[in-house]
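Just final11.txt here, compact mmCIF, C-alpha atoms:
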```txt
# COMPACT_ATOMS: atom_id res chain seq x y z
CA PHE Q 1 -5.18 -7.44 3.84
CA LEU Q 2 -3.83 -9.66 6.63
CA ILE Q 3 -5.01 -12.91 5.05
CA PHE Q 4 -4.09 -12.37 1.39
CA THR Q 5 -2.26 -9.09 0.68
CA LEU Q 6 0.32 -9.20 3.48
CA PRO Q 7 1.45 -12.81 2.76
CA ALA Q 8 1.68 -11.94 -0.96
CA LEU Q 9 3.80 -8.87 -0.15
CA ARG Q 10 6.00 -10.99 2.10
CA LEU Q 11 6.45 -13.54 -0.69
CA ALA Q 12 7.36 -10.83 -3.21
CA HIS Q 13 9.71 -9.23 -0.69
CA GLY Q 14 11.52 -12.52 -0.11
CA TRP Q 15 11.98 -13.08 -3.84
CA LEU Q 16 13.35 -9.55 -4.32
CA VAL Q 17 15.83 -9.96 -1.46
CA ALA Q 18 16.99 -13.30 -2.87
CA ALA Q 19 17.35 -11.76 -6.34
CA VAL Q 20 19.47 -8.84 -5.09
CA LEU Q 21 21.72 -11.18 -3.09
CA ALA Q 22 22.15 -13.49 -6.07
CA ILE Q 23 22.97 -10.59 -8.40
CA GLY Q 24 25.47 -9.22 -5.88
CA LEU Q 25 27.24 -12.56 -5.56
CA ILE Q 26 27.37 -13.03 -9.33
CA VAL Q 27 28.68 -9.50 -9.95
CA GLY Q 28 31.25 -9.74 -7.17
CA ALA Q 29 32.50 -13.16 -8.27
CA PHE Q 30 32.66 -12.12 -11.92
CA HIS Q 31 34.72 -9.00 -11.28
CA TYR Q 32 36.96 -10.75 -8.77
CA ILE Q 33 37.78 -13.57 -11.21
CA THR Q 34 38.28 -11.31 -14.24
CA GLY Q 35 40.40 -8.89 -12.18
CA ARG Q 36 42.67 -11.68 -11.01
CA LEU Q 37 42.99 -12.98 -14.58
CA ARG Q 38 44.06 -9.50 -15.72
CA GLY Q 39 46.54 -9.29 -12.86
CA GLU Q 40 44.97 -6.20 -11.26
CA PRO Q 41 46.50 -5.50 -7.82
CA ARG Q 42 43.29 -4.15 -6.22
CA LEU Q 43 40.48 -6.44 -5.16
CA PHE Q 44 37.82 -4.31 -6.88
CA GLY Q 45 38.12 -1.26 -9.08
CA GLU Q 46 36.24 2.00 -8.53
CA GLY Q 47 33.49 1.10 -10.99
CA VAL Q 48 32.94 -2.30 -9.43
CA ARG Q 49 32.81 -0.76 -5.97
CA LYS Q 50 30.02 1.55 -7.10
CA GLN Q 51 28.09 -1.30 -8.69
CA LEU Q 52 28.25 -3.35 -5.51
CA ALA Q 53 27.35 -0.31 -3.40
CA VAL Q 54 24.19 0.22 -5.44
CA LEU Q 55 23.23 -3.42 -4.86
CA VAL Q 56 23.92 -3.12 -1.12
CA ALA Q 57 21.84 0.07 -0.99
CA ALA Q 58 19.01 -1.70 -2.82
CA LEU Q 59 19.24 -4.52 -0.28
CA PHE Q 60 18.89 -2.03 2.59
CA VAL Q 61 15.85 -0.46 0.92
CA LEU Q 62 14.30 -3.93 0.80
CA ILE Q 63 15.27 -4.48 4.44
CA ALA Q 64 13.48 -1.23 5.30
CA ALA Q 65 10.41 -2.51 3.46
CA GLY Q 66 10.66 -5.74 5.46
CA HIS Q 67 10.73 -3.78 8.73
CA TRP Q 68 7.67 -1.84 7.56
CA LEU Q 69 5.74 -5.03 6.74
CA ALA Q 70 6.74 -6.49 10.10
CA ARG Q 71 4.79 -3.67 11.78
CA TYR Q 72 1.56 -5.24 10.50
CA GLU Q 73 2.68 -8.66 11.70
CA LEU Q 74 2.64 -7.35 15.28
CA LEU Q 75 -1.03 -8.36 15.18
CA TYR Q 76 0.30 -11.91 15.50
CA SER Q 77 2.79 -11.06 18.26
CA PRO Q 78 2.95 -13.56 21.17
CA THR Q 79 4.99 -11.19 23.36
CA GLY Q 80 2.32 -9.91 25.75
CA THR Q 81 -0.56 -11.36 27.72
CA VAL Q 82 -2.76 -11.59 24.64
CA TYR Q 83 -2.03 -12.84 21.14
CA GLY Q 84 -1.53 -9.59 19.22
CA VAL Q 85 -0.40 -6.07 20.00
CA GLY Q 86 0.37 -5.59 23.68
CA PHE Q 87 1.88 -2.81 25.76
CA THR Q 88 5.45 -3.46 24.63
CA ASP Q 89 4.57 -3.69 20.93
CA ASP Q 90 2.56 -0.47 21.20
CA HIS Q 91 5.08 1.60 23.17
CA VAL Q 92 8.43 0.45 21.74
CA PRO Q 93 8.51 1.59 18.08
CA GLY Q 94 11.52 -0.55 17.26
CA LEU Q 95 10.38 -1.56 13.78
CA THR Q 96 9.53 2.01 12.79
CA ILE Q 97 12.96 3.15 13.99
CA MET Q 98 14.64 0.35 12.05
CA VAL Q 99 12.88 1.47 8.86
CA GLY Q 100 14.67 4.81 9.19
CA VAL Q 101 17.95 3.13 10.14
CA ALA Q 102 17.87 0.84 7.09
CA LEU Q 103 17.12 3.76 4.74
CA ALA Q 104 19.92 5.78 6.36
CA ALA Q 105 22.27 2.82 5.86
CA ALA Q 106 21.32 2.71 2.16
CA GLY Q 107 22.10 6.41 1.84
CA ALA Q 108 25.40 6.02 3.72
CA VAL Q 109 26.53 3.19 1.44
CA LEU Q 110 25.78 5.27 -1.66
CA TYR Q 111 27.54 8.29 -0.16
CA GLY Q 112 30.60 6.20 0.64
CA ALA Q 113 30.73 4.81 -2.91
CA PHE Q 114 30.19 8.02 -4.88
CA PHE Q 115 31.41 10.88 -2.66
CA SER Q 116 33.99 9.40 -0.30
CA ARG Q 117 37.18 7.45 -0.69
CA GLY Q 118 37.82 4.20 1.12
CA TYR Q 119 35.39 1.76 2.64
CA ARG Q 120 34.55 3.49 5.93
CA TRP Q 121 30.96 4.39 5.01
CA ILE Q 122 30.35 1.24 3.00
CA LEU Q 123 31.42 -1.08 5.83
CA GLY Q 124 30.27 1.09 8.72
CA ALA Q 125 26.65 1.41 7.59
CA PRO Q 126 25.84 -2.35 7.67
CA LEU Q 127 27.64 -2.70 11.01
CA ALA Q 128 25.66 0.20 12.51
CA TRP Q 129 22.40 -1.26 11.20
CA PHE Q 130 23.17 -4.66 12.74
CA VAL Q 131 24.10 -3.20 16.14
CA LEU Q 132 20.95 -1.06 16.24
CA LEU Q 133 18.87 -4.05 15.17
CA LEU Q 134 20.10 -5.92 18.24
CA LEU Q 135 19.59 -2.94 20.56
CA VAL Q 136 16.34 -1.46 19.26
CA GLY Q 137 14.75 -4.52 17.70
CA SER Q 138 15.53 -7.11 20.38
CA LEU Q 139 17.10 -5.78 23.58
CA ALA Q 140 14.84 -2.75 24.14
CA PRO Q 141 11.52 -4.67 23.77
CA TRP Q 142 12.86 -7.47 25.99
CA MET Q 143 13.89 -5.01 28.72
CA VAL Q 144 10.55 -3.16 28.62
CA GLN Q 145 8.64 -6.45 28.80
CA ARG Q 146 10.71 -7.90 31.65
CA LEU Q 147 11.39 -4.77 33.73
CA ARG Q 148 8.25 -2.68 33.24
CA VAL Q 149 5.39 -4.81 31.96
CA GLU Q 150 5.75 -8.09 33.86
CA PRO Q 151 5.88 -6.46 37.35
CA ALA Q 152 2.56 -4.67 36.60
CA GLU Q 153 1.19 -6.84 33.83
CA LEU Q 154 -2.52 -6.63 34.64
CA ALA Q 155 -2.52 -2.83 34.92
CA LEU Q 156 -0.52 -2.24 31.73
CA GLU Q 157 -2.13 -4.93 29.60
CA ARG Q 158 -5.72 -4.31 30.75
CA ASP Q 159 -6.72 -2.17 27.73
CA TYR Q 160 -5.15 -4.59 25.25
CA LEU Q 161 -6.86 -7.54 26.93
CA ALA Q 162 -10.19 -5.69 26.72
CA ASN Q 163 -9.62 -5.00 23.01
CA ASN Q 164 -8.78 -8.64 22.40
CA ILE Q 165 -11.96 -9.81 24.14
CA GLU Q 166 -14.12 -7.22 22.35
CA PHE Q 167 -12.93 -8.06 18.86
CA THR Q 168 -12.96 -11.80 19.52
CA ARG Q 169 -16.62 -11.46 20.46
CA ASN Q 170 -17.24 -9.40 17.33
CA ALA Q 171 -15.59 -12.06 15.18
CA PHE Q 172 -17.90 -14.75 16.59
CA GLY Q 173 -21.01 -12.54 16.52
CA LEU Q 174 -21.20 -12.35 20.32
CA GLU Q 175 -20.99 -8.57 20.71
CA ASP Q 176 -24.52 -8.43 22.21
CA MET Q 177 -23.81 -11.09 24.82
CA GLU Q 178 -25.18 -10.22 28.26
CA ALA Q 179 -23.28 -11.07 31.44
CA ARG Q 180 -25.20 -11.81 34.63
CA ASP Q 181 -24.14 -12.62 38.17
CA HIS Q 182 -25.65 -15.67 39.88
CA PRO Q 183 -24.69 -15.45 43.57
CA ALA Q 184 -24.81 -18.58 45.70
CA ARG Q 185 -27.71 -18.78 48.13
CA GLY Q 186 -27.43 -20.44 51.52
CA ALA Q 187 -26.99 -24.10 52.37
CA ILE Q 188 -28.23 -27.03 50.27
CA ASP Q 189 -30.93 -29.20 51.78
CA ALA Q 190 -33.18 -32.00 50.52
CA ALA Q 191 -35.85 -29.56 49.37
CA THR Q 192 -33.32 -27.60 47.31
CA VAL Q 193 -32.05 -30.80 45.69
CA ALA Q 194 -35.59 -31.92 44.85
CA ALA Q 195 -36.43 -28.51 43.39
CA ASN Q 196 -33.32 -28.54 41.17
CA SER Q 197 -33.34 -32.08 39.85
CA GLY Q 198 -32.32 -30.87 36.39
CA THR Q 199 -29.12 -29.39 37.78
CA ILE Q 200 -28.36 -32.45 39.90
CA ASN Q 201 -28.93 -34.75 36.93
CA ASN Q 202 -26.36 -32.72 34.96
CA VAL Q 203 -23.54 -32.98 37.49
CA ARG Q 204 -20.37 -33.35 35.45
CA LEU Q 205 -18.47 -36.64 35.40
CA TRP Q 206 -15.96 -35.84 32.68
CA ASP Q 207 -12.81 -33.76 33.06
CA GLU Q 208 -11.39 -31.64 30.23
CA GLY Q 209 -8.02 -33.40 30.08
CA PRO Q 210 -9.15 -37.03 29.60
CA LEU Q 211 -11.97 -35.96 27.29
CA LEU Q 212 -9.61 -33.91 25.11
CA GLN Q 213 -7.28 -36.90 24.89
CA SER Q 214 -10.19 -39.14 23.86
CA TYR Q 215 -11.32 -36.71 21.18
CA ASN Q 216 -7.82 -36.54 19.70
CA GLN Q 217 -7.63 -40.34 19.63
CA ILE Q 218 -11.03 -41.25 18.16
CA GLN Q 219 -12.41 -38.13 16.48
CA PHE Q 220 -9.59 -36.38 14.59
CA PHE Q 221 -9.97 -38.45 11.33
CA ARG Q 222 -7.22 -36.53 9.47
CA LEU Q 223 -3.61 -36.00 10.50
CA TYR Q 224 -4.00 -32.25 10.05
CA TYR Q 225 -6.97 -31.96 12.44
CA ASP Q 226 -6.57 -31.32 16.17
CA PHE Q 227 -8.78 -30.69 19.17
CA LEU Q 228 -7.06 -27.98 21.19
CA ALA Q 229 -9.45 -27.26 24.07
CA VAL Q 230 -12.66 -28.60 25.60
CA HIS Q 231 -15.41 -26.21 26.68
CA THR Q 232 -18.59 -26.57 28.73
CA ASP Q 233 -21.99 -25.41 27.46
CA ARG Q 234 -25.69 -26.24 27.65
CA TYR Q 235 -28.00 -27.31 24.82
CA THR Q 236 -31.60 -28.45 24.68
CA VAL Q 237 -31.68 -32.12 23.64
CA ASP Q 238 -35.05 -33.86 23.22
CA GLY Q 239 -36.74 -31.04 25.08
CA GLU Q 240 -34.39 -31.27 28.08
CA LEU Q 241 -31.62 -28.82 28.96
CA ARG Q 242 -28.38 -30.82 29.03
CA GLN Q 243 -24.91 -29.83 30.12
CA VAL Q 244 -22.37 -30.82 27.46
CA MET Q 245 -18.66 -30.63 26.80
CA LEU Q 246 -17.52 -29.90 23.28
CA ALA Q 247 -14.44 -29.10 21.24
CA THR Q 248 -14.01 -27.77 17.73
CA ARG Q 249 -12.05 -29.84 15.23
CA GLU Q 250 -9.37 -27.32 14.27
CA LEU Q 251 -6.82 -27.31 11.48
CA SER Q 252 -3.12 -27.68 12.29
CA ALA Q 253 -1.53 -26.52 9.05
CA GLY Q 254 1.91 -27.49 10.30
CA LYS Q 255 0.87 -31.16 10.17
CA LEU Q 256 0.18 -31.08 6.44
CA PRO Q 257 2.54 -33.36 4.47
CA ALA Q 258 5.63 -31.64 3.12
CA GLU Q 259 4.39 -31.90 -0.46
CA ALA Q 260 1.19 -30.08 0.58
CA GLN Q 261 2.97 -27.14 2.22
CA ARG Q 262 2.19 -24.81 -0.67
CA TRP Q 263 0.80 -21.28 -0.63
CA VAL Q 264 -2.47 -22.29 -2.29
CA ASN Q 265 -3.08 -25.08 0.22
CA ARG Q 266 -2.17 -23.04 3.30
CA ARG Q 267 -3.95 -19.83 2.25
CA LEU Q 268 -6.91 -20.96 0.18
CA GLN Q 269 -7.76 -24.63 0.77
CA PHE Q 270 -6.66 -25.74 4.24
CA THR Q 271 -7.79 -22.62 6.09
CA HIS Q 272 -10.11 -23.88 8.83
CA GLY Q 273 -11.25 -26.92 10.77
CA TYR Q 274 -14.43 -28.92 10.35
CA GLY Q 275 -17.19 -29.64 12.82
CA VAL Q 276 -17.20 -30.40 16.53
CA ALA Q 277 -17.29 -33.28 18.96
CA MET Q 278 -19.94 -32.91 21.68
CA SER Q 279 -20.55 -35.21 24.64
CA PRO Q 280 -23.00 -35.23 27.55
CA VAL Q 281 -21.13 -34.66 30.78
CA THR Q 282 -23.05 -37.41 32.60
CA GLU Q 283 -22.61 -40.40 30.31
CA VAL Q 284 -19.78 -42.88 29.72
CA GLU Q 285 -19.93 -45.74 27.22
CA ALA Q 286 -18.45 -49.21 27.62
CA GLY Q 287 -14.68 -49.19 27.91
CA GLY Q 288 -14.64 -45.65 29.29
CA ARG Q 289 -15.27 -43.96 25.95
CA PRO Q 290 -17.34 -40.77 25.88
CA ALA Q 291 -20.88 -40.76 24.54
CA PHE Q 292 -21.60 -38.27 21.75
CA PHE Q 293 -24.38 -35.86 20.87
CA VAL Q 294 -22.35 -34.75 17.79
CA SER Q 295 -19.44 -36.63 16.24
CA ASP Q 296 -17.70 -37.77 13.05
CA VAL Q 297 -16.93 -36.10 9.69
CA PRO Q 298 -19.26 -34.85 8.33
CA PRO Q 299 -20.81 -34.03 11.72
CA ALA Q 300 -23.85 -36.11 12.67
CA GLY Q 301 -25.92 -36.27 15.82
CA VAL Q 302 -28.95 -35.03 17.68
CA ILE Q 303 -27.97 -31.37 17.25
CA PRO Q 304 -27.82 -30.30 13.58
CA LEU Q 305 -24.92 -28.12 12.43
CA GLU Q 306 -25.74 -25.78 9.54
CA ARG Q 307 -22.16 -24.47 9.13
CA PRO Q 308 -19.78 -27.18 10.37
```
Starting from the file, lay out its structure as structure tokens.
Amino acid sequence: FLIFTLPALRLAHGWLVAAVLAIGLIVGAFHYITGRLRGEPRLFGEGVRKQLAVLVAALFVLIAAGHWLARYELLYSPTGTVYGVGFTDDHVPGLTIMVGVALAAAGAVLYGAFFSRGYRWILGAPLAWFVLLLLVGSLAPWMVQRLRVEPAELALERDYLANNIEFTRNAFGLEDMEARDHPARGAIDAATVAANSGTINNVRLWDEGPLLQSYNQIQFFRLYYDFLAVHTDRYTVDGELRQVMLATRELSAGKLPAEAQRWVNRRLQFTHGYGVAMSPVTEVEAGGRPAFFVSDVPPAGVIPLERP
């Protein structure tokens, strides 16, 4: 739903809103011009007022649908500590309220056109919707986030952070991961060093910042690929446990050329990155470049990737 259906609904919604606005402008301009040519004293007659009111009401119904779709897009919200629904998004039902407000505005416009004289209802309904949009849709969430959540962010966002971690692990197939504590033990002496030569031989020389910069300079290969973060891990290489630093080659869809910014490309073709860059933490090549266990496109190296 979130990958295909919701973007398709958003696209259809945008086209419908544009169509209603275009029809309203055409109808209004047509009646204004013909009325002036006939010398009518009033800007719009009663029939024209009702036609435009129906179009405005239809626009508010579409706005209500847009508010409803935006509820699902809260899963992409950057407001809280985590990327997705946080405390503010969960406890301030601004979008749900605005669905009702937009539908009420549609009803008020129709009532003003068919059952009331003057323009009080027709003009007041859009104004009321706009004011409530600012108060309920923007000001209220901002105040809750700044005044309630941020002073006690860890306590209020704890459950949402736990959900984010849980489902991220599920997405990567890490739900059965076991966490263990490894407490430090005493002072280090020569005997301890000799007994842990594998650890000493894997002492890290590289730092994440310079290595990330190197990856983005020599391993991106396409303008729309980016390395966003470097991580530390351990892999067995030639029968020896080695500490490595690696980064996934991720897709930055915003860097696609303008002519490639189409729905098919963004939703079906350019949907994910490709491969990784992996370096031993203890080795540096001539000129200060990192050595690689895995590099290039397609990925090649001492560690095979079945699904790059």
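In terms of minimum interatomic distance to Val92 (chain Q), Q:Leu135 ranks closest within Q:Leu59, Q:Ala19, Q:Ala64, Q:Leu135, counting only C-alpha atoms.
CA of Glu166 (chain Q) lies 21.8 Å from CA of His272 (chain Q).
The residue that comes closest to Leu205 (chain Q), out of Q:Leu74, Q:Val297, Q:Ala29, Q:Val284 and on the basis of only C-alpha atoms, is Q:Val284.
Picture a line from CA of Gly28 (chain Q) to CA of Arg10 (chain Q); it runs 26.9 Å.
Distances from Q:Val294, Q:Ala171, Q:Ala58, Q:Ala260 to Gln219 (chain Q) were compared using all atoms listed in the file, and the smallest one belongs to Q:Val294.
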Just the residues within 10 Å of region 298-308 of chain Q, please, counting only C-alpha atoms, with nothing from its chain fewer than 3 positions along; format it as a PyMOL selection string.
chain Q and resi 235-238+248-249+273-278+292-295
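Using all atoms listed in the file, the shortest contact distance between Arg117 (chain Q) and any of Q:Tyr225, Q:Trp68, Q:Arg49, Q:Ala105 is found at Q:Arg49.
Of the listed residues Q:Arg262, Q:Arg242, Q:Arg148, Q:His67, the one whose atoms come nearest to His91 (chain Q) is Q:Arg148, with distances taken using only C-alpha atoms.
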Near Gly66 (chain Q), within 8 Å and counting all atoms listed in the file, which residues show up once chain neighbours fewer than 3 positions away are dropped, as an MDAnalysis selection string?
chainID Q and resid 10 13 62:63 69:70
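CA of Trp263 (chain Q) is positioned 28.3 Å from CA of Asp296 (chain Q).
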Using only C-alpha atoms, can you tell me which of Q:Gln51, Q:Asn164, Q:Gln213, Q:Ser138 comes closest to Val85 (chain Q)?
Q:Asn164
Just want the 9 Å neighbourhood of region 112-114 of chain Q, counted on all atoms listed in the file, with same-chain residues fewer than 5 positions away dropped. Output as a count of residues only.
13
Just want the 12 Å neighbourhood of Asp90 (chain Q), counted on only C-alpha atoms, with same-chain residues fewer than 4 positions away dropped. Output as a ChimeraX atom specification.
/Q:71-72,74-75,77,79-80,84-86,94-96,141,144-145,149,156-157,159-160
Extract region 54-74 of chain Q from the coordinates I pasted, and write it as a PDB file, in the first residue's frame (atoms kept: N, CA and C atoms).
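decode_20.pdb written:
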```pdb
ATOM      1  N   VAL Q  54     -20.880  24.659  -6.116  1.00  0.00           N
ATOM      2  CA  VAL Q  54     -20.738  23.203  -6.255  1.00  0.00           C
ATOM      3  C   VAL Q  54     -19.277  22.839  -6.510  1.00  0.00           C
ATOM      4  N   LEU Q  55     -18.604  23.627  -7.351  1.00  0.00           N
ATOM      5  CA  LEU Q  55     -17.188  23.358  -7.620  1.00  0.00           C
ATOM      6  C   LEU Q  55     -16.330  23.573  -6.370  1.00  0.00           C
ATOM      7  N   VAL Q  56     -16.634  24.634  -5.610  1.00  0.00           N
ATOM      8  CA  VAL Q  56     -15.883  24.876  -4.373  1.00  0.00           C
ATOM      9  C   VAL Q  56     -16.124  23.748  -3.375  1.00  0.00           C
ATOM     10  N   ALA Q  57     -17.380  23.290  -3.284  1.00  0.00           N
ATOM     11  CA  ALA Q  57     -17.682  22.171  -2.390  1.00  0.00           C
ATOM     12  C   ALA Q  57     -16.943  20.908  -2.821  1.00  0.00           C
ATOM     13  N   ALA Q  58     -16.896  20.665  -4.132  1.00  0.00           N
ATOM     14  CA  ALA Q  58     -16.149  19.504  -4.630  1.00  0.00           C
ATOM     15  C   ALA Q  58     -14.669  19.624  -4.282  1.00  0.00           C
ATOM     16  N   LEU Q  59     -14.141  20.850  -4.366  1.00  0.00           N
ATOM     17  CA  LEU Q  59     -12.740  21.060  -4.008  1.00  0.00           C
ATOM     18  C   LEU Q  59     -12.499  20.737  -2.534  1.00  0.00           C
ATOM     19  N   PHE Q  60     -13.428  21.131  -1.664  1.00  0.00           N
ATOM     20  CA  PHE Q  60     -13.263  20.838  -0.241  1.00  0.00           C
ATOM     21  C   PHE Q  60     -13.390  19.343   0.050  1.00  0.00           C
ATOM     22  N   VAL Q  61     -14.220  18.637  -0.698  1.00  0.00           N
ATOM     23  CA  VAL Q  61     -14.282  17.179  -0.540  1.00  0.00           C
ATOM     24  C   VAL Q  61     -12.934  16.563  -0.905  1.00  0.00           C
ATOM     25  N   LEU Q  62     -12.324  17.058  -1.980  1.00  0.00           N
ATOM     26  CA  LEU Q  62     -10.997  16.568  -2.360  1.00  0.00           C
ATOM     27  C   LEU Q  62      -9.944  16.950  -1.318  1.00  0.00           C
ATOM     28  N   ILE Q  63     -10.079  18.140  -0.742  1.00  0.00           N
ATOM     29  CA  ILE Q  63      -9.154  18.533   0.326  1.00  0.00           C
ATOM     30  C   ILE Q  63      -9.294  17.598   1.520  1.00  0.00           C
ATOM     31  N   ALA Q  64     -10.538  17.234   1.851  1.00  0.00           N
ATOM     32  CA  ALA Q  64     -10.755  16.271   2.937  1.00  0.00           C
ATOM     33  C   ALA Q  64     -10.089  14.936   2.622  1.00  0.00           C
ATOM     34  N   ALA Q  65     -10.206  14.498   1.365  1.00  0.00           N
ATOM     35  CA  ALA Q  65      -9.540  13.254   0.962  1.00  0.00           C
ATOM     36  C   ALA Q  65      -8.026  13.384   1.087  1.00  0.00           C
ATOM     37  N   GLY Q  66      -7.497  14.565   0.756  1.00  0.00           N
ATOM     38  CA  GLY Q  66      -6.061  14.789   0.904  1.00  0.00           C
ATOM     39  C   GLY Q  66      -5.618  14.721   2.355  1.00  0.00           C
ATOM     40  N   HIS Q  67      -6.418  15.308   3.264  1.00  0.00           N
ATOM     41  CA  HIS Q  67      -6.107  15.202   4.693  1.00  0.00           C
ATOM     42  C   HIS Q  67      -6.124  13.738   5.142  1.00  0.00           C
ATOM     43  N   TRP Q  68      -7.080  12.970   4.629  1.00  0.00           N
ATOM     44  CA  TRP Q  68      -7.179  11.557   5.008  1.00  0.00           C
ATOM     45  C   TRP Q  68      -5.949  10.778   4.525  1.00  0.00           C
ATOM     46  N   LEU Q  69      -5.521  11.021   3.295  1.00  0.00           N
ATOM     47  CA  LEU Q  69      -4.326  10.343   2.787  1.00  0.00           C
ATOM     48  C   LEU Q  69      -3.082  10.762   3.567  1.00  0.00           C
ATOM     49  N   ALA Q  70      -3.049  12.013   4.001  1.00  0.00           N
ATOM     50  CA  ALA Q  70      -1.886  12.491   4.748  1.00  0.00           C
ATOM     51  C   ALA Q  70      -1.722  11.761   6.075  1.00  0.00           C
ATOM     52  N   ARG Q  71      -2.805  11.177   6.595  1.00  0.00           N
ATOM     53  CA  ARG Q  71      -2.696  10.389   7.830  1.00  0.00           C
ATOM     54  C   ARG Q  71      -1.749   9.208   7.640  1.00  0.00           C
ATOM     55  N   TYR Q  72      -1.820   8.567   6.468  1.00  0.00           N
ATOM     56  CA  TYR Q  72      -0.927   7.437   6.203  1.00  0.00           C
ATOM     57  C   TYR Q  72       0.514   7.904   6.013  1.00  0.00           C
ATOM     58  N   GLU Q  73       0.676   9.121   5.527  1.00  0.00           N
ATOM     59  CA  GLU Q  73       2.024   9.640   5.287  1.00  0.00           C
ATOM     60  C   GLU Q  73       2.738  10.036   6.580  1.00  0.00           C
ATOM     61  N   LEU Q  74       2.026   9.966   7.719  1.00  0.00           N
ATOM     62  CA  LEU Q  74       2.692  10.181   8.998  1.00  0.00           C
ATOM     63  C   LEU Q  74       3.765   9.128   9.258  1.00  0.00           C
TER      64      LEU Q  74
END
```
